[in-house]
Amino acid sequence: MTATTLAKGADAPSAALAARPRRTRRRGRTVALLFVLPALLLLGALVVYPVLFSVGRSFFDASGTRFVGAGNYTEMFRDPATLKAVRNTAIWVVVAPALLTGLGLILAVLVEKVRWATAFKLLLFMPMAVSFLAAGIIFRLAYDQDPDKGVLNAAVVSVHDAFEGTSSYPTARARQGQGLTQNRDGSYTTGRGVAPGTSVALPMVGVLPGDLPKGAEPAAAAAARRAAPGELRGVVYLDFTPGGGGRQGRVDPRESGLPGMAVEAVRDGRTAAHTTTAADGSFRFPGLAPGSYTVKLPAANFAPPYQGVSWLGPALVTPAIIGAYLWIWTGFAMVLIGAGLSTLPRDALEAARMDGANEWQIFRRITVPLLAPVLTVVFVTLVINVLKVFDLVYIIAPGPVQEDATVLATQMWLVSFGGGDNQGLGSALGVLLLLLVVPAMVFNVRRFRRSQR
């Protein structure tokens, strides 16, 4: 046996040993690929293919048969509705993530000092379990203009009426041809002057008998009273007899006075005296100087009731929807920031307290800088989520103000399927939305990788 043969025999086991790890690695890669393959197929079918198809579709017209190149992208930035959607999306991106991150930080710090911290976190996190559809319906009702339906306007109206008061007769008006003239400001005055020592009857209509204040009394006895010298007397009454009958402009026995109505005696354009009608609608101005006076019923008696704030009007619809979004996502931001807060080194906080720093200085100079990576991740995650917001805007905004509240996601749907029937332009809007989301996603992924290192 030659030396060469002996060398080959010695190298054979070492070659076999070296080939075995390679076969093991290849087998591991094959098994891993088989496990990942279903996910890759789903990813390709649900993400990659729709993205590529949308990019290609954005270069064709509404019918999808004629190539228009960048025409859809040019039209997109000429359309006033799209420009408004871009503006509203910018408002969302600037306002909502910043408010949520700030609220989450404040609540996370405060919760640490609350005895029932877990219950408090659960309470704030519960809206995350509510679907956007349900949350939209809830806030659509809460923002309703009618105070009898919308809880927010019910509270606003209650506070307003507690300080400003409200008129008792918003539907009342003077009986025509019976001596009262309506002014431009909505008030009523007697057409001719009256002198002290006389009585006047001021007939009103437009008030349902069931809407009269409790305690209202018949006006007949008040109308029969005579004025004393130097006194101007009168009665404000509802010139309507239940069940029919009676004469217009005359106080009939079954007709009720209008209590609580403000009345003024005006002379030479100035208010000489003022009072409020009694339960039977009567009023009197004693001690008036001789002369001619005009009896006036101020416009405040007939002012329509305060209906609250138009939350879903063109001016406030976007802030109102952002408020609903804050209600849902504040718990999410608080929990994530609270998790980061629990990992902070307590020795640094204690050392700062021992050095004489107060709680505000610790929060501003130690807590916030140490939480900066967590705050950045929360902020960027919320930016990505805000760019895709659709459900709340579509559900909460009423039809007439839908265009005032629209964002890129809702505009894309409206253009493609909500009546626009232009999927070429809708695809261009989808590509624009993708281009806005991708940088934030890449930034977030890099942050995660950096934190893992």
# chains A, B, ... in the order shown; residues from 1 in each chain; ligands from 1
$ residues_around --residues "A:Asn72" --least-positions-apart "3" --cutoff "9 Å" --atoms "only C-alpha atoms" --output "list in words"
Ser58, Phe59, Phe60, Asp61, Val68, Gly69, Glu75, Met76, Phe77, Gly424, Leu425, Gly426, Ser427, Ala428 and Leu429 of chain A
$ closest_atom_pairs --of "stretch 99-118 of chain A" --to "stretch 123-127 of chain A" --cutoff "10 Å" --atoms "only C-alpha atoms" --output "JSON lines"
{"residue": "A:Leu107", "atom": "CA", "partner": "A:Leu124", "partner_atom": "CA", "distance": 9.6}
{"residue": "A:Ala117", "atom": "CA", "partner": "A:Leu123", "partner_atom": "CA", "distance": 9.9}
{"residue": "A:Thr118", "atom": "CA", "partner": "A:Leu123", "partner_atom": "CA", "distance": 8.6}
$ write_last_selection --atoms "C-alpha atoms" --output "PDB file, in the first residue's frame"
ATOM      1  CA  LEU A 107     -51.004  59.503  33.235  1.00  0.00           C
ATOM      2  CA  ALA A 117     -53.050  51.703  39.866  1.00  0.00           C
ATOM      3  CA  THR A 118     -54.033  48.428  38.184  1.00  0.00           C
TER       4      THR A 118
END
$ residues_around --residues "stretch 146-153 of chain A" --least-positions-apart "3" --cutoff "12 Å" --atoms "only C-alpha atoms" --output "PDB file with N, CA and C atoms, in the first residue's frame"
ATOM      1  N   ILE A 137     -70.054  55.257  16.578  1.00  0.00           N
ATOM      2  CA  ILE A 137     -71.490  55.407  16.850  1.00  0.00           C
ATOM      3  C   ILE A 137     -71.710  56.074  18.204  1.00  0.00           C
ATOM      4  N   ILE A 138     -70.921  55.669  19.198  1.00  0.00           N
ATOM      5  CA  ILE A 138     -71.042  56.268  20.539  1.00  0.00           C
ATOM      6  C   ILE A 138     -70.805  57.773  20.472  1.00  0.00           C
ATOM      7  N   PHE A 139     -69.730  58.186  19.811  1.00  0.00           N
ATOM      8  CA  PHE A 139     -69.405  59.611  19.782  1.00  0.00           C
ATOM      9  C   PHE A 139     -70.293  60.373  18.813  1.00  0.00           C
ATOM     10  N   ARG A 140     -70.840  59.708  17.802  1.00  0.00           N
ATOM     11  CA  ARG A 140     -71.809  60.384  16.926  1.00  0.00           C
ATOM     12  C   ARG A 140     -73.035  60.791  17.741  1.00  0.00           C
ATOM     13  N   LEU A 141     -73.447  59.918  18.665  1.00  0.00           N
ATOM     14  CA  LEU A 141     -74.569  60.247  19.548  1.00  0.00           C
ATOM     15  C   LEU A 141     -74.171  61.287  20.592  1.00  0.00           C
ATOM     16  N   ALA A 142     -72.965  61.151  21.132  1.00  0.00           N
ATOM     17  CA  ALA A 142     -72.522  62.101  22.158  1.00  0.00           C
ATOM     18  C   ALA A 142     -72.401  63.513  21.603  1.00  0.00           C
ATOM     19  N   TYR A 143     -72.034  63.648  20.323  1.00  0.00           N
ATOM     20  CA  TYR A 143     -71.863  64.960  19.711  1.00  0.00           C
ATOM     21  C   TYR A 143     -73.152  65.495  19.081  1.00  0.00           C
ATOM     22  N   VAL A 156     -73.413  71.264  28.194  1.00  0.00           N
ATOM     23  CA  VAL A 156     -73.131  72.658  27.845  1.00  0.00           C
ATOM     24  C   VAL A 156     -74.366  73.524  28.049  1.00  0.00           C
ATOM     25  N   VAL A 157     -75.523  73.015  27.619  1.00  0.00           N
ATOM     26  CA  VAL A 157     -76.768  73.783  27.767  1.00  0.00           C
ATOM     27  C   VAL A 157     -77.118  73.965  29.243  1.00  0.00           C
ATOM     28  N   SER A 158     -76.894  72.940  30.050  1.00  0.00           N
ATOM     29  CA  SER A 158     -77.192  73.040  31.477  1.00  0.00           C
ATOM     30  C   SER A 158     -76.341  74.122  32.135  1.00  0.00           C
ATOM     31  N   VAL A 159     -75.050  74.158  31.815  1.00  0.00           N
ATOM     32  CA  VAL A 159     -74.165  75.177  32.379  1.00  0.00           C
ATOM     33  C   VAL A 159     -74.559  76.569  31.886  1.00  0.00           C
ATOM     34  N   HIS A 160     -74.854  76.671  30.591  1.00  0.00           N
ATOM     35  CA  HIS A 160     -75.242  77.973  30.021  1.00  0.00           C
ATOM     36  C   HIS A 160     -76.513  78.499  30.669  1.00  0.00           C
ATOM     37  N   ASP A 161     -77.522  77.642  30.786  1.00  0.00           N
ATOM     38  CA  ASP A 161     -78.793  78.075  31.357  1.00  0.00           C
ATOM     39  C   ASP A 161     -78.669  78.411  32.847  1.00  0.00           C
ATOM     40  N   PRO A 305     -84.206  78.824  22.552  1.00  0.00           N
ATOM     41  CA  PRO A 305     -83.356  78.225  23.595  1.00  0.00           C
ATOM     42  C   PRO A 305     -81.956  77.939  23.067  1.00  0.00           C
ATOM     43  N   TYR A 306     -80.987  78.062  23.939  1.00  0.00           N
ATOM     44  CA  TYR A 306     -79.594  77.781  23.576  1.00  0.00           C
ATOM     45  C   TYR A 306     -79.442  76.295  23.269  1.00  0.00           C
ATOM     46  N   GLN A 307     -78.919  75.992  22.089  1.00  0.00           N
ATOM     47  CA  GLN A 307     -78.815  74.606  21.629  1.00  0.00           C
ATOM     48  C   GLN A 307     -77.425  74.008  21.793  1.00  0.00           C
ATOM     49  N   GLY A 308     -76.523  74.743  22.401  1.00  0.00           N
ATOM     50  CA  GLY A 308     -75.191  74.183  22.624  1.00  0.00           C
ATOM     51  C   GLY A 308     -74.243  74.453  21.472  1.00  0.00           C
ATOM     52  N   VAL A 309     -73.217  73.628  21.390  1.00  0.00           N
ATOM     53  CA  VAL A 309     -72.141  73.794  20.415  1.00  0.00           C
ATOM     54  C   VAL A 309     -72.367  72.843  19.241  1.00  0.00           C
ATOM     55  N   SER A 310     -72.113  73.339  18.052  1.00  0.00           N
ATOM     56  CA  SER A 310     -72.215  72.485  16.862  1.00  0.00           C
ATOM     57  C   SER A 310     -70.920  71.694  16.706  1.00  0.00           C
ATOM     58  N   TRP A 311     -70.822  70.608  17.486  1.00  0.00           N
ATOM     59  CA  TRP A 311     -69.587  69.814  17.496  1.00  0.00           C
ATOM     60  C   TRP A 311     -69.262  69.239  16.124  1.00  0.00           C
ATOM     61  N   LEU A 312     -70.282  68.865  15.383  1.00  0.00           N
ATOM     62  CA  LEU A 312     -70.063  68.233  14.087  1.00  0.00           C
ATOM     63  C   LEU A 312     -70.297  69.203  12.938  1.00  0.00           C
ATOM     64  N   ALA A 320     -63.383  67.339  16.946  1.00  0.00           N
ATOM     65  CA  ALA A 320     -64.295  66.423  17.642  1.00  0.00           C
ATOM     66  C   ALA A 320     -63.916  64.967  17.381  1.00  0.00           C
TER      67      ALA A 320
END
$ residues_around --residues "A:Gly243" --least-positions-apart "6" --cutoff "12 Å" --atoms "only C-alpha atoms" --output "PyMOL selection string"
chain A and resi 209+254-255
$ select_by_dssp --residues "stretch 250-411 of chain A" --states "strand (DSSP E)" --output "JSON, numbers by chain"
{"A": [262, 263, 264, 265, 266, 267, 270, 271, 272, 273, 274, 275, 276, 282, 283, 284, 285, 294, 295, 296, 297]}
$ write_last_selection --atoms "C-alpha atoms" --output "compact mmCIF listing (two decimals), in the first residue's frame"
# COMPACT_ATOMS: atom_id res chain seq x y z
CA ALA A 262 -90.07 90.93 31.21
CA VAL A 263 -91.87 94.22 30.53
CA GLU A 264 -90.40 97.71 30.17
CA ALA A 265 -91.87 101.22 30.21
CA VAL A 266 -89.95 103.26 27.62
CA ARG A 267 -89.97 107.06 27.30
CA ARG A 270 -84.92 105.17 27.36
CA THR A 271 -86.20 102.54 29.77
CA ALA A 272 -87.96 104.38 32.58
CA ALA A 273 -89.01 101.25 34.51
CA HIS A 274 -89.00 97.50 34.15
CA THR A 275 -90.70 94.61 35.86
CA THR A 276 -91.77 90.98 35.41
CA SER A 282 -100.25 91.24 35.28
CA PHE A 283 -97.62 93.98 35.63
CA ARG A 284 -97.57 97.50 37.05
CA PHE A 285 -95.25 100.51 36.96
CA THR A 294 -94.38 102.89 25.25
CA VAL A 295 -94.79 99.43 26.76
CA LYS A 296 -92.12 97.08 25.48
CA LEU A 297 -91.70 93.30 25.62
$ closest_residue --among "A:Val114, A:Ala162, A:Leu336, A:Ala220" --to "A:Leu382" --atoms "only C-alpha atoms"
A:Leu336
$ atom_distance --atom1 "atom CA of A:Met441" --atom2 "atom CA of A:Leu408"
17.7 Å
$ residues_around --residues "A:Gly281" --least-positions-apart "2" --cutoff "7 Å" --atoms "only C-alpha atoms" --output "PDB file with N, CA, C and O atoms, in the first residue's frame"
ATOM      1  N   ALA A 219    -106.122  85.269  33.361  1.00  0.00           N
ATOM      2  CA  ALA A 219    -105.760  86.685  33.268  1.00  0.00           C
ATOM      3  C   ALA A 219    -106.959  87.606  33.383  1.00  0.00           C
ATOM      4  O   ALA A 219    -106.791  88.837  33.387  1.00  0.00           O
ATOM      5  N   VAL A 235    -101.590  93.664  31.410  1.00  0.00           N
ATOM      6  CA  VAL A 235    -101.571  92.217  31.501  1.00  0.00           C
ATOM      7  C   VAL A 235    -101.089  91.651  30.168  1.00  0.00           C
ATOM      8  O   VAL A 235    -101.457  92.142  29.095  1.00  0.00           O
ATOM      9  N   VAL A 236    -100.209  90.650  30.260  1.00  0.00           N
ATOM     10  CA  VAL A 236     -99.742  89.902  29.084  1.00  0.00           C
ATOM     11  C   VAL A 236    -100.384  88.523  29.172  1.00  0.00           C
ATOM     12  O   VAL A 236    -100.186  87.808  30.168  1.00  0.00           O
ATOM     13  N   TYR A 237    -101.140  88.153  28.166  1.00  0.00           N
ATOM     14  CA  TYR A 237    -101.919  86.918  28.272  1.00  0.00           C
ATOM     15  C   TYR A 237    -101.873  86.148  26.957  1.00  0.00           C
ATOM     16  O   TYR A 237    -101.545  86.699  25.895  1.00  0.00           O
ATOM     17  N   GLY A 257    -102.841  84.023  31.838  1.00  0.00           N
ATOM     18  CA  GLY A 257    -101.766  85.002  31.787  1.00  0.00           C
ATOM     19  C   GLY A 257    -100.429  84.325  31.508  1.00  0.00           C
ATOM     20  O   GLY A 257    -100.278  83.107  31.644  1.00  0.00           O
ATOM     21  N   LEU A 258     -99.439  85.121  31.099  1.00  0.00           N
ATOM     22  CA  LEU A 258     -98.089  84.614  30.816  1.00  0.00           C
ATOM     23  C   LEU A 258     -97.145  85.119  31.906  1.00  0.00           C
ATOM     24  O   LEU A 258     -96.654  86.261  31.846  1.00  0.00           O
ATOM     25  N   PRO A 259     -96.889  84.311  32.921  1.00  0.00           N
ATOM     26  CA  PRO A 259     -96.040  84.762  34.032  1.00  0.00           C
ATOM     27  C   PRO A 259     -94.565  84.772  33.650  1.00  0.00           C
ATOM     28  O   PRO A 259     -94.125  84.060  32.748  1.00  0.00           O
ATOM     29  N   THR A 277     -93.903  90.002  34.801  1.00  0.00           N
ATOM     30  CA  THR A 277     -95.321  89.689  34.990  1.00  0.00           C
ATOM     31  C   THR A 277     -95.515  88.675  36.117  1.00  0.00           C
ATOM     32  O   THR A 277     -94.681  87.794  36.345  1.00  0.00           O
ATOM     33  N   ALA A 278     -96.641  88.801  36.802  1.00  0.00           N
ATOM     34  CA  ALA A 278     -97.004  87.889  37.892  1.00  0.00           C
ATOM     35  C   ALA A 278     -97.605  86.608  37.326  1.00  0.00           C
ATOM     36  O   ALA A 278     -97.648  86.400  36.112  1.00  0.00           O
ATOM     37  N   ALA A 279     -98.116  85.749  38.232  1.00  0.00           N
ATOM     38  CA  ALA A 279     -98.659  84.460  37.803  1.00  0.00           C
ATOM     39  C   ALA A 279     -99.840  84.615  36.872  1.00  0.00           C
ATOM     40  O   ALA A 279    -100.074  83.772  35.987  1.00  0.00           O
ATOM     41  N   PHE A 283     -98.810  93.181  35.295  1.00  0.00           N
ATOM     42  CA  PHE A 283     -97.622  93.980  35.631  1.00  0.00           C
ATOM     43  C   PHE A 283     -98.078  95.386  35.965  1.00  0.00           C
ATOM     44  O   PHE A 283     -99.167  95.831  35.573  1.00  0.00           O
TER      45      PHE A 283
END
$ closest_residue --among "A:Arg78, A:Asn183, A:Arg250, A:Val93" --to "A:Leu436" --atoms "only C-alpha atoms"
A:Val93
$ residues_around --residues "A:Thr198" --least-positions-apart "2" --cutoff "10 Å" --atoms "only C-alpha atoms" --output "VMD selection string"
chain A and resid 194 to 196 200 226 to 234
$ closest_residue --among "A:Phe132, A:Phe417, A:Phe448, A:Tyr293" --to "A:Pro373" --atoms "only C-alpha atoms"
A:Phe448
$ select_by_dssp --residues "stretch 48-260 of chain A" --states "alpha helix (DSSP H)" --output "ChimeraX atom specification"
/A:49-57,71-76,80-111,117-125,132-142,151-164,220-224
$ residues_around --residues "A:Ala108" --least-positions-apart "3" --cutoff "8 Å" --atoms "only C-alpha atoms" --output "mmCIF file with C-alpha atoms, in the first residue's frame"
data_model
loop_
_atom_site.group_PDB
_atom_site.id
_atom_site.type_symbol
_atom_site.label_atom_id
_atom_site.label_comp_id
_atom_site.auth_asym_id
_atom_site.auth_seq_id
_atom_site.Cartn_x
_atom_site.Cartn_y
_atom_site.Cartn_z
ATOM 1 C CA GLY A 104 -49.867 58.902 28.162
ATOM 2 C CA LEU A 105 -46.697 60.224 29.815
ATOM 3 C CA VAL A 111 -50.652 56.255 38.049
ATOM 4 C CA GLU A 112 -47.485 55.228 39.877
ATOM 5 C CA MET A 334 -50.196 55.112 28.957
ATOM 6 C CA VAL A 335 -49.542 51.356 29.217
ATOM 7 C CA ILE A 337 -44.973 54.427 28.562
ATOM 8 C CA GLY A 338 -45.757 52.928 31.978
ATOM 9 C CA LEU A 341 -41.221 53.857 33.284
#
$ closest_residue --among "A:Gln182, A:Asn444, A:Gln411, A:Asn358" --to "A:Leu432" --atoms "only C-alpha atoms"
A:Gln411
$ closest_residue --among "A:Ser416, A:Gln423, A:Thr330, A:Thr241" --to "A:Thr65" --atoms "only C-alpha atoms"
A:Gln423
$ atom_distance --atom1 "atom CA of A:Gly206" --atom2 "atom CA of A:Thr166"
17.5 Å
